>>> print(open('start-v9.cif').read())   # mmCIF, N, CA and C atoms
data_start
loop_
_atom_site.label_atom_id
_atom_site.label_comp_id
_atom_site.auth_asym_id
_atom_site.auth_seq_id
_atom_site.Cartn_x
_atom_site.Cartn_y
_atom_site.Cartn_z
N MET A 19 107.69 64.47 100.00
CA MET A 19 106.84 65.65 99.92
C MET A 19 105.53 65.35 100.62
N ARG A 20 105.12 66.27 101.50
CA ARG A 20 103.87 66.10 102.24
C ARG A 20 102.85 67.12 101.79
N LYS A 21 101.63 66.68 101.67
CA LYS A 21 100.51 67.59 101.37
C LYS A 21 99.42 67.28 102.37
N LEU A 22 99.56 67.84 103.56
CA LEU A 22 98.64 67.60 104.66
C LEU A 22 97.98 68.90 105.07
N LYS A 23 96.96 68.80 105.89
CA LYS A 23 96.37 70.00 106.47
C LYS A 23 97.42 70.62 107.38
N THR A 24 97.74 71.85 107.12
CA THR A 24 98.83 72.48 107.86
C THR A 24 98.35 73.10 109.16
N PRO A 25 99.22 73.11 110.16
CA PRO A 25 98.86 73.73 111.44
C PRO A 25 98.58 75.23 111.28
N ALA A 26 97.75 75.76 112.15
CA ALA A 26 97.39 77.19 112.08
C ALA A 26 98.61 78.08 112.18
N ARG A 27 99.65 77.64 112.89
CA ARG A 27 100.85 78.48 113.03
C ARG A 27 101.61 78.60 111.71
N TRP A 28 101.27 77.79 110.73
CA TRP A 28 101.90 77.87 109.42
C TRP A 28 101.09 78.73 108.45
N ARG A 29 100.10 79.44 108.97
CA ARG A 29 99.26 80.33 108.16
C ARG A 29 99.28 81.72 108.76
N ALA A 30 99.22 82.73 107.90
CA ALA A 30 99.17 84.11 108.37
C ALA A 30 98.20 84.89 107.50
N GLU A 31 97.58 85.90 108.11
CA GLU A 31 96.67 86.81 107.40
C GLU A 31 97.07 88.24 107.71
N VAL A 32 96.97 89.08 106.71
CA VAL A 32 97.26 90.51 106.84
C VAL A 32 96.16 91.25 106.09
N GLU A 33 95.65 92.31 106.69
CA GLU A 33 94.68 93.15 105.98
C GLU A 33 95.39 94.43 105.57
N MET A 34 95.09 94.88 104.36
CA MET A 34 95.68 96.13 103.86
C MET A 34 94.68 96.85 102.97
N GLN A 35 94.95 98.11 102.72
CA GLN A 35 94.10 98.91 101.86
C GLN A 35 94.86 99.27 100.59
N VAL A 36 94.21 99.14 99.44
CA VAL A 36 94.83 99.47 98.16
C VAL A 36 95.12 100.97 98.11
N GLN A 37 96.35 101.29 97.77
CA GLN A 37 96.79 102.68 97.67
C GLN A 37 96.75 103.17 96.22
N PHE A 38 96.65 104.46 96.03
CA PHE A 38 96.58 105.07 94.70
C PHE A 38 97.78 104.70 93.84
N PHE A 39 98.97 104.66 94.44
CA PHE A 39 100.20 104.41 93.66
C PHE A 39 100.29 102.97 93.15
N ASP A 40 99.38 102.08 93.57
CA ASP A 40 99.37 100.71 93.07
C ASP A 40 98.48 100.54 91.84
N LEU A 41 97.80 101.61 91.41
CA LEU A 41 96.85 101.50 90.30
C LEU A 41 97.53 101.68 88.95
N ASP A 42 96.92 101.09 87.92
CA ASP A 42 97.39 101.28 86.55
C ASP A 42 96.48 102.31 85.86
N PRO A 43 96.70 102.62 84.59
CA PRO A 43 95.86 103.61 83.90
C PRO A 43 94.38 103.24 83.83
N MET A 44 94.04 101.98 84.07
CA MET A 44 92.64 101.56 84.05
C MET A 44 91.98 101.72 85.42
N GLN A 45 92.74 102.26 86.40
CA GLN A 45 92.25 102.51 87.75
C GLN A 45 92.00 101.24 88.56
N ILE A 46 92.72 100.16 88.21
CA ILE A 46 92.72 98.94 89.01
C ILE A 46 94.16 98.64 89.40
N VAL A 47 94.35 97.76 90.36
CA VAL A 47 95.71 97.43 90.78
C VAL A 47 96.46 96.80 89.61
N TRP A 48 97.63 97.37 89.31
CA TRP A 48 98.50 96.84 88.26
C TRP A 48 98.91 95.42 88.64
N HIS A 49 98.87 94.51 87.69
CA HIS A 49 99.09 93.09 87.98
C HIS A 49 100.42 92.82 88.70
N GLY A 50 101.45 93.56 88.40
CA GLY A 50 102.75 93.36 89.04
C GLY A 50 102.75 93.67 90.53
N ASN A 51 101.83 94.50 90.99
CA ASN A 51 101.79 94.84 92.41
C ASN A 51 101.30 93.69 93.28
N TYR A 52 100.65 92.72 92.67
CA TYR A 52 100.22 91.56 93.46
C TYR A 52 101.43 90.81 94.02
N VAL A 53 102.55 90.86 93.31
CA VAL A 53 103.78 90.23 93.81
C VAL A 53 104.20 90.90 95.12
N LYS A 54 104.07 92.21 95.19
CA LYS A 54 104.36 92.94 96.43
C LYS A 54 103.40 92.52 97.54
N TYR A 55 102.14 92.31 97.22
CA TYR A 55 101.17 91.88 98.22
C TYR A 55 101.52 90.48 98.75
N LEU A 56 102.01 89.60 97.86
CA LEU A 56 102.44 88.28 98.31
C LEU A 56 103.60 88.42 99.31
N GLU A 57 104.50 89.33 99.03
CA GLU A 57 105.64 89.55 99.94
C GLU A 57 105.17 90.02 101.31
N VAL A 58 104.17 90.87 101.35
CA VAL A 58 103.63 91.33 102.63
C VAL A 58 103.10 90.14 103.43
N ALA A 59 102.35 89.27 102.77
CA ALA A 59 101.79 88.09 103.45
C ALA A 59 102.90 87.12 103.85
N ARG A 60 103.88 86.93 102.96
CA ARG A 60 104.98 86.01 103.25
C ARG A 60 105.79 86.49 104.45
N CYS A 61 106.06 87.79 104.53
CA CYS A 61 106.80 88.33 105.68
C CYS A 61 106.04 88.12 106.98
N ALA A 62 104.73 88.29 106.95
CA ALA A 62 103.91 88.05 108.15
C ALA A 62 103.99 86.58 108.55
N LEU A 63 103.99 85.69 107.57
CA LEU A 63 104.09 84.26 107.84
C LEU A 63 105.45 83.92 108.43
N PHE A 64 106.52 84.44 107.85
CA PHE A 64 107.86 84.17 108.36
C PHE A 64 108.03 84.72 109.78
N ASP A 65 107.47 85.90 110.04
CA ASP A 65 107.51 86.44 111.40
C ASP A 65 106.78 85.50 112.36
N LYS A 66 105.65 84.97 111.92
CA LYS A 66 104.83 84.11 112.78
C LYS A 66 105.56 82.83 113.17
N ILE A 67 106.33 82.25 112.25
CA ILE A 67 107.06 81.02 112.59
C ILE A 67 108.42 81.31 113.21
N GLY A 68 108.77 82.59 113.34
CA GLY A 68 110.05 82.95 113.96
C GLY A 68 111.24 82.74 113.05
N TYR A 69 111.05 82.92 111.75
CA TYR A 69 112.13 82.71 110.80
C TYR A 69 112.05 83.74 109.68
N ASN A 70 112.17 85.03 110.07
CA ASN A 70 112.10 86.11 109.08
C ASN A 70 113.44 86.23 108.35
N TYR A 71 113.55 87.19 107.45
CA TYR A 71 114.74 87.29 106.61
C TYR A 71 116.02 87.49 107.41
N GLU A 72 115.99 88.27 108.47
CA GLU A 72 117.18 88.45 109.30
C GLU A 72 117.56 87.14 109.97
N GLN A 73 116.57 86.40 110.46
CA GLN A 73 116.83 85.12 111.11
C GLN A 73 117.34 84.09 110.10
N MET A 74 116.84 84.14 108.87
CA MET A 74 117.34 83.25 107.82
C MET A 74 118.82 83.51 107.59
N ARG A 75 119.16 84.77 107.41
CA ARG A 75 120.56 85.15 107.16
C ARG A 75 121.43 84.70 108.33
N ALA A 76 120.96 84.94 109.57
CA ALA A 76 121.73 84.55 110.75
C ALA A 76 121.92 83.03 110.83
N SER A 77 120.98 82.26 110.26
CA SER A 77 121.08 80.80 110.29
C SER A 77 122.01 80.28 109.19
N GLY A 78 122.43 81.18 108.29
CA GLY A 78 123.36 80.77 107.23
C GLY A 78 122.70 80.40 105.92
N TYR A 79 121.41 80.69 105.81
CA TYR A 79 120.69 80.34 104.58
C TYR A 79 119.92 81.53 104.03
N MET A 80 119.82 81.56 102.71
CA MET A 80 118.88 82.46 102.05
C MET A 80 117.90 81.57 101.31
N TRP A 81 116.73 82.11 101.04
CA TRP A 81 115.65 81.32 100.44
C TRP A 81 115.10 82.04 99.21
N PRO A 82 115.83 82.03 98.09
CA PRO A 82 115.32 82.72 96.89
C PRO A 82 114.08 82.02 96.32
N ILE A 83 113.23 82.83 95.75
CA ILE A 83 112.06 82.30 95.04
C ILE A 83 112.53 81.80 93.69
N ILE A 84 112.18 80.55 93.39
CA ILE A 84 112.58 79.98 92.10
C ILE A 84 111.40 79.80 91.15
N GLU A 85 110.19 79.94 91.72
CA GLU A 85 108.99 79.81 90.88
C GLU A 85 107.86 80.57 91.53
N MET A 86 107.05 81.22 90.70
CA MET A 86 105.89 81.97 91.19
C MET A 86 104.77 81.83 90.17
N ASN A 87 103.59 81.52 90.66
CA ASN A 87 102.41 81.43 89.80
C ASN A 87 101.30 82.26 90.41
N LEU A 88 100.67 83.08 89.57
CA LEU A 88 99.55 83.90 90.02
C LEU A 88 98.37 83.69 89.10
N ARG A 89 97.19 83.65 89.69
CA ARG A 89 95.95 83.52 88.91
C ARG A 89 95.02 84.63 89.35
N TYR A 90 94.67 85.47 88.40
CA TYR A 90 93.82 86.64 88.69
C TYR A 90 92.36 86.29 88.46
N ALA A 91 91.54 86.53 89.47
CA ALA A 91 90.11 86.23 89.36
C ALA A 91 89.27 87.50 89.29
N GLY A 92 89.81 88.61 89.78
CA GLY A 92 89.06 89.86 89.76
C GLY A 92 89.97 91.01 90.13
N PRO A 93 89.62 92.22 89.74
CA PRO A 93 90.48 93.37 90.00
C PRO A 93 90.28 93.94 91.41
N ALA A 94 91.35 94.51 91.92
CA ALA A 94 91.28 95.27 93.16
C ALA A 94 91.33 96.76 92.78
N THR A 95 90.64 97.61 93.55
CA THR A 95 90.52 99.02 93.22
C THR A 95 90.96 99.91 94.38
N PHE A 96 91.14 101.17 94.06
CA PHE A 96 91.60 102.14 95.05
C PHE A 96 90.71 102.14 96.30
N GLY A 97 91.36 102.10 97.46
CA GLY A 97 90.65 102.15 98.73
C GLY A 97 90.08 100.83 99.20
N GLN A 98 90.08 99.83 98.35
CA GLN A 98 89.52 98.53 98.72
C GLN A 98 90.38 97.89 99.81
N ARG A 99 89.73 97.27 100.78
CA ARG A 99 90.44 96.53 101.83
C ARG A 99 90.63 95.10 101.34
N LEU A 100 91.88 94.65 101.44
CA LEU A 100 92.22 93.30 101.00
C LEU A 100 92.64 92.46 102.19
N LEU A 101 92.34 91.19 102.12
CA LEU A 101 92.82 90.22 103.09
C LEU A 101 93.83 89.34 102.37
N LEU A 102 95.05 89.33 102.84
CA LEU A 102 96.13 88.55 102.24
C LEU A 102 96.39 87.34 103.12
N ARG A 103 96.32 86.15 102.55
CA ARG A 103 96.57 84.92 103.31
C ARG A 103 97.75 84.17 102.70
N ALA A 104 98.61 83.64 103.58
CA ALA A 104 99.75 82.83 103.15
C ALA A 104 99.80 81.58 104.02
N GLU A 105 100.13 80.45 103.40
CA GLU A 105 100.15 79.18 104.12
C GLU A 105 101.27 78.29 103.57
N ILE A 106 102.09 77.76 104.47
CA ILE A 106 103.14 76.82 104.07
C ILE A 106 102.49 75.47 103.78
N VAL A 107 102.73 74.93 102.57
CA VAL A 107 102.13 73.66 102.20
C VAL A 107 103.17 72.58 101.87
N GLU A 108 104.42 72.97 101.65
CA GLU A 108 105.52 72.01 101.46
C GLU A 108 106.74 72.56 102.17
N TRP A 109 107.57 71.67 102.73
CA TRP A 109 108.73 72.15 103.48
C TRP A 109 109.93 71.22 103.46
N GLU A 110 109.79 69.97 103.06
CA GLU A 110 110.89 69.02 103.20
C GLU A 110 112.06 69.29 102.26
N ASN A 111 111.78 69.52 100.99
CA ASN A 111 112.85 69.72 100.01
C ASN A 111 112.85 71.12 99.41
N ARG A 112 111.79 71.82 99.66
CA ARG A 112 111.62 73.19 99.18
C ARG A 112 110.53 73.80 100.05
N LEU A 113 110.39 75.08 99.97
CA LEU A 113 109.36 75.77 100.74
C LEU A 113 108.33 76.29 99.76
N ARG A 114 107.13 75.70 99.80
CA ARG A 114 106.06 76.16 98.91
C ARG A 114 104.99 76.81 99.77
N ILE A 115 104.61 78.01 99.34
CA ILE A 115 103.60 78.78 100.05
C ILE A 115 102.45 79.06 99.09
N ASP A 116 101.24 78.79 99.56
CA ASP A 116 100.03 79.12 98.80
C ASP A 116 99.44 80.40 99.37
N TYR A 117 98.86 81.22 98.50
CA TYR A 117 98.31 82.52 98.88
C TYR A 117 96.90 82.67 98.35
N LEU A 118 96.12 83.46 99.07
CA LEU A 118 94.83 83.95 98.60
C LEU A 118 94.79 85.45 98.88
N ILE A 119 94.32 86.20 97.91
CA ILE A 119 94.04 87.61 98.11
C ILE A 119 92.54 87.77 97.93
N LEU A 120 91.89 88.24 98.99
CA LEU A 120 90.43 88.33 99.03
C LEU A 120 89.99 89.75 99.29
N ASP A 121 88.78 90.09 98.83
CA ASP A 121 88.15 91.33 99.25
C ASP A 121 87.81 91.13 100.73
N ALA A 122 88.30 92.02 101.59
CA ALA A 122 88.12 91.84 103.04
C ALA A 122 86.66 91.91 103.45
N ALA A 123 85.86 92.69 102.77
CA ALA A 123 84.45 92.86 103.16
C ALA A 123 83.59 91.67 102.74
N SER A 124 83.75 91.21 101.50
CA SER A 124 82.87 90.16 100.98
C SER A 124 83.49 88.77 101.01
N GLY A 125 84.80 88.69 101.10
CA GLY A 125 85.48 87.39 101.03
C GLY A 125 85.67 86.91 99.60
N LYS A 126 85.30 87.72 98.62
CA LYS A 126 85.44 87.32 97.21
C LYS A 126 86.92 87.19 96.86
N ARG A 127 87.26 86.09 96.20
CA ARG A 127 88.65 85.85 95.80
C ARG A 127 89.02 86.75 94.63
N LEU A 128 90.16 87.43 94.77
CA LEU A 128 90.68 88.27 93.70
C LEU A 128 91.91 87.65 93.04
N ASN A 129 92.67 86.87 93.82
CA ASN A 129 93.92 86.32 93.31
C ASN A 129 94.26 85.07 94.11
N ARG A 130 94.82 84.10 93.42
CA ARG A 130 95.38 82.90 94.05
C ARG A 130 96.80 82.78 93.53
N ALA A 131 97.74 82.42 94.39
CA ALA A 131 99.13 82.35 93.96
C ALA A 131 99.88 81.29 94.74
N THR A 132 101.05 80.94 94.20
CA THR A 132 101.96 80.00 94.84
C THR A 132 103.39 80.47 94.58
N THR A 133 104.23 80.37 95.61
CA THR A 133 105.66 80.60 95.41
C THR A 133 106.41 79.37 95.89
N THR A 134 107.54 79.11 95.24
CA THR A 134 108.43 78.03 95.64
C THR A 134 109.80 78.63 95.90
N GLN A 135 110.35 78.30 97.06
CA GLN A 135 111.66 78.78 97.46
C GLN A 135 112.54 77.59 97.82
N VAL A 136 113.84 77.74 97.61
CA VAL A 136 114.79 76.71 98.02
C VAL A 136 115.83 77.33 98.93
N ALA A 137 116.37 76.50 99.79
CA ALA A 137 117.44 76.96 100.68
C ALA A 137 118.75 76.98 99.91
N VAL A 138 119.50 78.06 100.12
CA VAL A 138 120.84 78.19 99.55
C VAL A 138 121.76 78.56 100.70
N GLU A 139 122.84 77.78 100.86
CA GLU A 139 123.80 78.07 101.90
C GLU A 139 124.54 79.35 101.52
N ILE A 140 124.50 80.33 102.39
CA ILE A 140 125.08 81.64 102.08
C ILE A 140 126.58 81.53 101.84
N HIS A 141 127.28 80.82 102.70
CA HIS A 141 128.74 80.75 102.61
C HIS A 141 129.24 80.15 101.30
N SER A 142 128.61 79.03 100.88
CA SER A 142 129.07 78.34 99.68
C SER A 142 128.30 78.72 98.43
N GLY A 143 127.09 79.26 98.59
CA GLY A 143 126.24 79.55 97.44
C GLY A 143 125.59 78.30 96.87
N GLU A 144 125.71 77.18 97.58
CA GLU A 144 125.16 75.91 97.12
C GLU A 144 123.68 75.77 97.50
N MET A 145 122.89 75.29 96.53
CA MET A 145 121.49 75.01 96.80
C MET A 145 121.38 73.71 97.59
N CYS A 146 120.48 73.69 98.55
CA CYS A 146 120.24 72.49 99.37
C CYS A 146 119.11 71.69 98.73
N PHE A 147 119.31 70.39 98.61
CA PHE A 147 118.27 69.55 98.03
C PHE A 147 117.30 69.02 99.08
N VAL A 148 117.64 69.24 100.34
CA VAL A 148 116.75 68.96 101.46
C VAL A 148 116.75 70.23 102.30
N SER A 149 115.60 70.64 102.77
CA SER A 149 115.54 71.84 103.60
C SER A 149 116.43 71.66 104.83
N PRO A 150 117.11 72.73 105.25
CA PRO A 150 118.01 72.62 106.40
C PRO A 150 117.26 72.40 107.71
N PRO A 151 117.93 71.81 108.70
CA PRO A 151 117.28 71.51 109.98
C PRO A 151 116.62 72.71 110.65
N ILE A 152 117.15 73.91 110.44
CA ILE A 152 116.56 75.10 111.08
C ILE A 152 115.10 75.28 110.67
N LEU A 153 114.75 74.97 109.43
CA LEU A 153 113.35 75.12 109.00
C LEU A 153 112.46 74.13 109.75
N PHE A 154 112.90 72.89 109.86
CA PHE A 154 112.11 71.89 110.59
C PHE A 154 111.92 72.32 112.05
N GLU A 155 113.00 72.87 112.63
CA GLU A 155 112.93 73.37 114.00
C GLU A 155 111.88 74.47 114.13
N LYS A 156 111.91 75.44 113.21
CA LYS A 156 110.96 76.55 113.25
C LYS A 156 109.52 76.09 113.03
N LEU A 157 109.35 75.05 112.24
CA LEU A 157 108.01 74.52 111.97
C LEU A 157 107.54 73.55 113.06
N GLY A 158 108.47 73.12 113.90
CA GLY A 158 108.12 72.21 114.98
C GLY A 158 107.85 70.79 114.50
N VAL A 159 108.59 70.36 113.46
CA VAL A 159 108.42 69.00 112.94
C VAL A 159 109.78 68.32 112.92
N ALA A 160 109.76 66.99 112.90
CA ALA A 160 110.98 66.21 112.85
C ALA A 160 111.53 66.22 111.42
N ALA A 161 112.84 66.30 111.31
CA ALA A 161 113.50 66.23 110.00
C ALA A 161 113.34 64.82 109.44
N PRO A 162 113.30 64.71 108.12
CA PRO A 162 113.12 63.37 107.51
C PRO A 162 114.33 62.47 107.76
#
>>> encode(input="start-v9.cif", output="structure tokens")
Amino acid sequence: MRKLKTPARWRAEVEMQVQFFDLDPMQIVWHGNYVKYLEVARCALFDKIGYNYEQMRASGYMWPIIEMNLRYAGPATFGQRLLLRAEIVEWENRLRIDYLILDAASGKRLNRATTTQVAVEIHSGEMCFVSPPILFEKLGVAAP
């Protein structure tokens, strides 16, 4: 397992605006919608490394999330512009992505999160205990 400063190509940022349908009765973003925001950032990251969901499927692997942790630091409100950041921080045996959700104007942190995904061979349904070579290729690193 490596915990190094990751290359810029392993990070992605997306800006979005909070929509009315994401609010709860208290007029703040419902906590469950942050999971959707993580997905938006994760998709941008996968597109950036050239390994989006279609490309994963074509390579013979799916990458289900097996763990997710979110820490809420402040509420997001209707119309607020958010900056969503995702960064790959582990890749050898699992794919761990760290996230930040920030107020786009002030940079104030609203949420910090982490997801862990593992490779599963589509044909057999078997979980891989080492990430498949295609991930190393997409990241531009040598396999262990």
>>> select_by_dssp(input="start-v9.cif", residues="chain A", states="strand (DSSP E)", output="MDAnalysis selection string")
chainID A and resid 29:35 79:80 83:90 99:108 113:121 127:135 138:139
>>> closest_residue(input="start-v9.cif", among="A:Asp116, A:Asn111, A:Ala131, A:Lys54", to="Cys146 (chain A)", atoms="all atoms listed in the file")
A:Asn111
>>> select_by_dssp(input="start-v9.cif", residues="region 42-149 of chain A", states="alpha helix (DSSP H)", output="list of chain:residue names")
A:Asn51, A:Tyr52, A:Val53, A:Lys54, A:Tyr55, A:Leu56, A:Glu57, A:Val58, A:Ala59, A:Arg60, A:Cys61, A:Ala62, A:Leu63, A:Phe64, A:Asp65, A:Lys66, A:Ile67, A:Tyr71, A:Glu72, A:Gln73, A:Met74, A:Arg75, A:Ala76, A:Ser77
>>> resolve_selection(input="start-v9.cif", expression="the PyMOL selection byres ((chain A and resi 73-84) around 6.5)", output="VMD selection string")
chain A and resid 68 to 72 85 to 86 133 to 141
>>> residues_around(input="start-v9.cif", residues="Leu63 (chain A)", least_positions_apart="4", cutoff="9 Å", atoms="only C-alpha atoms", output="list of chain:residue names")
A:Arg27, A:Trp28, A:Arg29, A:Ala30, A:Glu31, A:Val58, A:Ala59, A:Ile67, A:Gly68, A:Tyr69, A:Asn70, A:Arg103, A:Ala104, A:Glu105, A:Ile106
>>> closest_residue(input="start-v9.cif", among="A:Pro93, A:Gly158, A:Pro150, A:Gly50", to="Arg127 (chain A)", atoms="only N, CA and C atoms")
A:Pro93
>>> residues_around(input="start-v9.cif", residues="Ala161 (chain A)", least_positions_apart="2", cutoff="9 Å", atoms="only C-alpha atoms", output="short mmCIF file (atom, residue, chain, number, x, y, z; two decimals) with N, CA and C atoms, in the coordinates of the input")
data_model
loop_
_atom_site.label_atom_id
_atom_site.label_comp_id
_atom_site.auth_asym_id
_atom_site.auth_seq_id
_atom_site.Cartn_x
_atom_site.Cartn_y
_atom_site.Cartn_z
N GLU A 110 109.79 69.97 103.06
CA GLU A 110 110.89 69.02 103.20
C GLU A 110 112.06 69.29 102.26
N SER A 149 115.60 70.64 102.77
CA SER A 149 115.54 71.84 103.60
C SER A 149 116.43 71.66 104.83
N PRO A 150 117.11 72.73 105.25
CA PRO A 150 118.01 72.62 106.40
C PRO A 150 117.26 72.40 107.71
N PRO A 151 117.93 71.81 108.70
CA PRO A 151 117.28 71.51 109.98
C PRO A 151 116.62 72.71 110.65
N LEU A 153 114.75 74.97 109.43
CA LEU A 153 113.35 75.12 109.00
C LEU A 153 112.46 74.13 109.75
N PHE A 154 112.90 72.89 109.86
CA PHE A 154 112.11 71.89 110.59
C PHE A 154 111.92 72.32 112.05
N GLU A 155 113.00 72.87 112.63
CA GLU A 155 112.93 73.37 114.00
C GLU A 155 111.88 74.47 114.13
N VAL A 159 108.59 70.36 113.46
CA VAL A 159 108.42 69.00 112.94
C VAL A 159 109.78 68.32 112.92
#
>>> resolve_selection(input="start-v9.cif", expression="the PyMOL selection byres (((chain A and resi 88 and name CA) around 7) and name CA)", output="list in words")
Met86, Asn87, Arg89, Tyr90, Asn129, Arg130, Ala131 and Thr132 of chain A
>>> closest_residue(input="start-v9.cif", among="A:Val107, A:Arg60, A:Gln98, A:Leu41", to="Thr24 (chain A)", atoms="only N, CA and C atoms")
A:Val107
